Amino acid sequence: MTHHNPFPADAPVHSLEHWLAPELARISPPNAPSRLRQLADAQGTGAAGWSSAIAGGPVLALAGMFFAVTSGNPAAALVLVPLGVGLMLSGLFGWKRARAALPTPDRVLISRGPGSARGGVAMISVLAVALGAIMVLYLPSATAKGNGAAITLVGAFVLILLLLVACIVVPSTVMGRARQSFRERVQSNPELRRAVEEDLALWRDPHGNAAYGPL
């Protein structure tokens, strides 16, 4: 009676624990590609997208309440508050799902935004200066119309900044921690670890002899 072995005969030389070692990651160039980094970055990109929804939902709800108060018309709140709550809840669901499962091997996710919190803050700072300059130009005329117009203008400026933070800073922070966060979850989540170990056993570099890690 013969037993079928689902794994290739040439078993991995190093264990997953070896590739997960932070010391190995520190001595490896951060731009050096590896299968483990590809998985972590792909998972981080997916989670970053959902994090924008989580952070953007409350901003939409806040915008609805603000414009309802300043205009005296509750229509904005009736539309934007439920929309914001729905966006945040869907973001939480997608966030948990993206971080708990291994990314599809053949699916490549590309992020065009900053890849770190510092990069996100730098981008927001530039945009804030530009938007602030525009607001200053219109502030005198808004003030001349009354305090209500000025408050609306300043409030809209703050809301735009909050939305930019939700769409740029939050996901860039998630992307910047993608590899570290992936390591922590693999070590604490048995199901995710099992999926990565199975991938380690089956994966072979299709273009050469690249190693599985480091992370």
# chains A, B, ... in the order shown; residues from 1 in each chain; ligands from 1

call {"tool": "residues_around", "arguments": {"residues": "range 26-30 of chain A", "least_positions_apart": "3", "cutoff": "8 Å", "atoms": "only C-alpha atoms", "output": "PDB file with all heavy atoms, in the first residue's frame"}}
result
ATOM      1  N   PRO A  22      12.876  38.094  13.596  1.00  0.00           N
ATOM      2  CA  PRO A  22      13.125  39.521  13.358  1.00  0.00           C
ATOM      3  C   PRO A  22      14.589  39.819  13.055  1.00  0.00           C
ATOM      4  O   PRO A  22      14.892  40.741  12.303  1.00  0.00           O
ATOM      5  CB  PRO A  22      12.687  40.180  14.676  1.00  0.00           C
ATOM      6  CG  PRO A  22      11.769  39.194  15.313  1.00  0.00           C
ATOM      7  CD  PRO A  22      12.280  37.848  14.917  1.00  0.00           C
ATOM      8  N   GLU A  23      15.500  39.044  13.660  1.00  0.00           N
ATOM      9  CA  GLU A  23      16.929  39.270  13.430  1.00  0.00           C
ATOM     10  C   GLU A  23      17.288  39.055  11.952  1.00  0.00           C
ATOM     11  O   GLU A  23      18.096  39.790  11.388  1.00  0.00           O
ATOM     12  CB  GLU A  23      17.765  38.320  14.297  1.00  0.00           C
ATOM     13  CG  GLU A  23      17.597  38.525  15.803  1.00  0.00           C
ATOM     14  CD  GLU A  23      16.328  37.910  16.343  1.00  0.00           C
ATOM     15  OE1 GLU A  23      15.683  37.134  15.602  1.00  0.00           O
ATOM     16  OE2 GLU A  23      15.984  38.210  17.508  1.00  0.00           O
ATOM     17  N   PRO A 214      13.381  36.215   3.972  1.00  0.00           N
ATOM     18  CA  PRO A 214      12.863  36.558   5.303  1.00  0.00           C
ATOM     19  C   PRO A 214      11.637  37.479   5.236  1.00  0.00           C
ATOM     20  O   PRO A 214      11.218  37.897   4.190  1.00  0.00           O
ATOM     21  CB  PRO A 214      14.044  37.289   5.946  1.00  0.00           C
ATOM     22  CG  PRO A 214      14.676  37.985   4.769  1.00  0.00           C
ATOM     23  CD  PRO A 214      14.531  37.034   3.605  1.00  0.00           C
TER      24      PRO A 214
END

call {"tool": "closest_atom_pairs", "arguments": {"of": "range 105-190 of chain A", "to": "range 71-78 of chain A", "cutoff": "10 Å", "atoms": "only C-alpha atoms", "output": "CSV"}}
result
residue,atom,partner,partner_atom,distance
A:Gly148,CA,A:Ser71,CA,9.0
A:Ala149,CA,A:Ser71,CA,9.9
A:Thr152,CA,A:Ser71,CA,8.9

call {"tool": "residues_around", "arguments": {"residues": "Ala117 in chain A", "least_positions_apart": "5", "cutoff": "7 Å", "atoms": "only C-alpha atoms", "output": "NGL selection string"}}
result
:A and (169 or 172-173 or 176)

call {"tool": "write_last_selection", "arguments": {"atoms": "N, CA and C atoms", "output": "PDB file, in the first residue's frame"}}
result
ATOM      1  N   VAL A 169      -3.408  58.826   5.686  1.00  0.00           N
ATOM      2  CA  VAL A 169      -2.559  58.530   6.838  1.00  0.00           C
ATOM      3  C   VAL A 169      -2.867  57.159   7.434  1.00  0.00           C
ATOM      4  N   SER A 172      -1.723  54.279   5.107  1.00  0.00           N
ATOM      5  CA  SER A 172      -0.265  54.261   4.997  1.00  0.00           C
ATOM      6  C   SER A 172       0.374  53.746   6.280  1.00  0.00           C
ATOM      7  N   THR A 173      -0.256  54.028   7.423  1.00  0.00           N
ATOM      8  CA  THR A 173       0.233  53.489   8.696  1.00  0.00           C
ATOM      9  C   THR A 173       0.080  51.971   8.729  1.00  0.00           C
ATOM     10  N   GLY A 176       2.716  50.505   6.550  1.00  0.00           N
ATOM     11  CA  GLY A 176       4.038  50.587   7.155  1.00  0.00           C
ATOM     12  C   GLY A 176       4.281  49.499   8.189  1.00  0.00           C
TER      13      GLY A 176
END

call {"tool": "residues_around", "arguments": {"residues": "range 207-211 of chain A", "least_positions_apart": "5", "cutoff": "9 Å", "atoms": "only C-alpha atoms", "output": "PyMOL selection string"}}
result
chain A and resi 33-35

call {"tool": "write_last_selection", "arguments": {"atoms": "C-alpha atoms", "output": "mmCIF file, in the first residue's frame"}}
result
data_model
loop_
_atom_site.group_PDB
_atom_site.id
_atom_site.type_symbol
_atom_site.label_atom_id
_atom_site.label_comp_id
_atom_site.auth_asym_id
_atom_site.auth_seq_id
_atom_site.Cartn_x
_atom_site.Cartn_y
_atom_site.Cartn_z
ATOM 1 C CA PRO A 33 11.882 40.310 -2.380
ATOM 2 C CA SER A 34 10.707 37.111 -0.714
ATOM 3 C CA ARG A 35 7.576 35.024 -0.736
#

call {"tool": "atom_distance", "arguments": {"atom1": "CA of Gly46 in chain A", "atom2": "CA of Arg185 in chain A"}}
result
15.2 Å

call {"tool": "residues_around", "arguments": {"residues": "Ala47 in chain A", "least_positions_apart": "6", "cutoff": "10 Å", "atoms": "only C-alpha atoms", "output": "PyMOL selection string"}}
result
chain A and resi 41+91-92+94-99+171+174-175+178
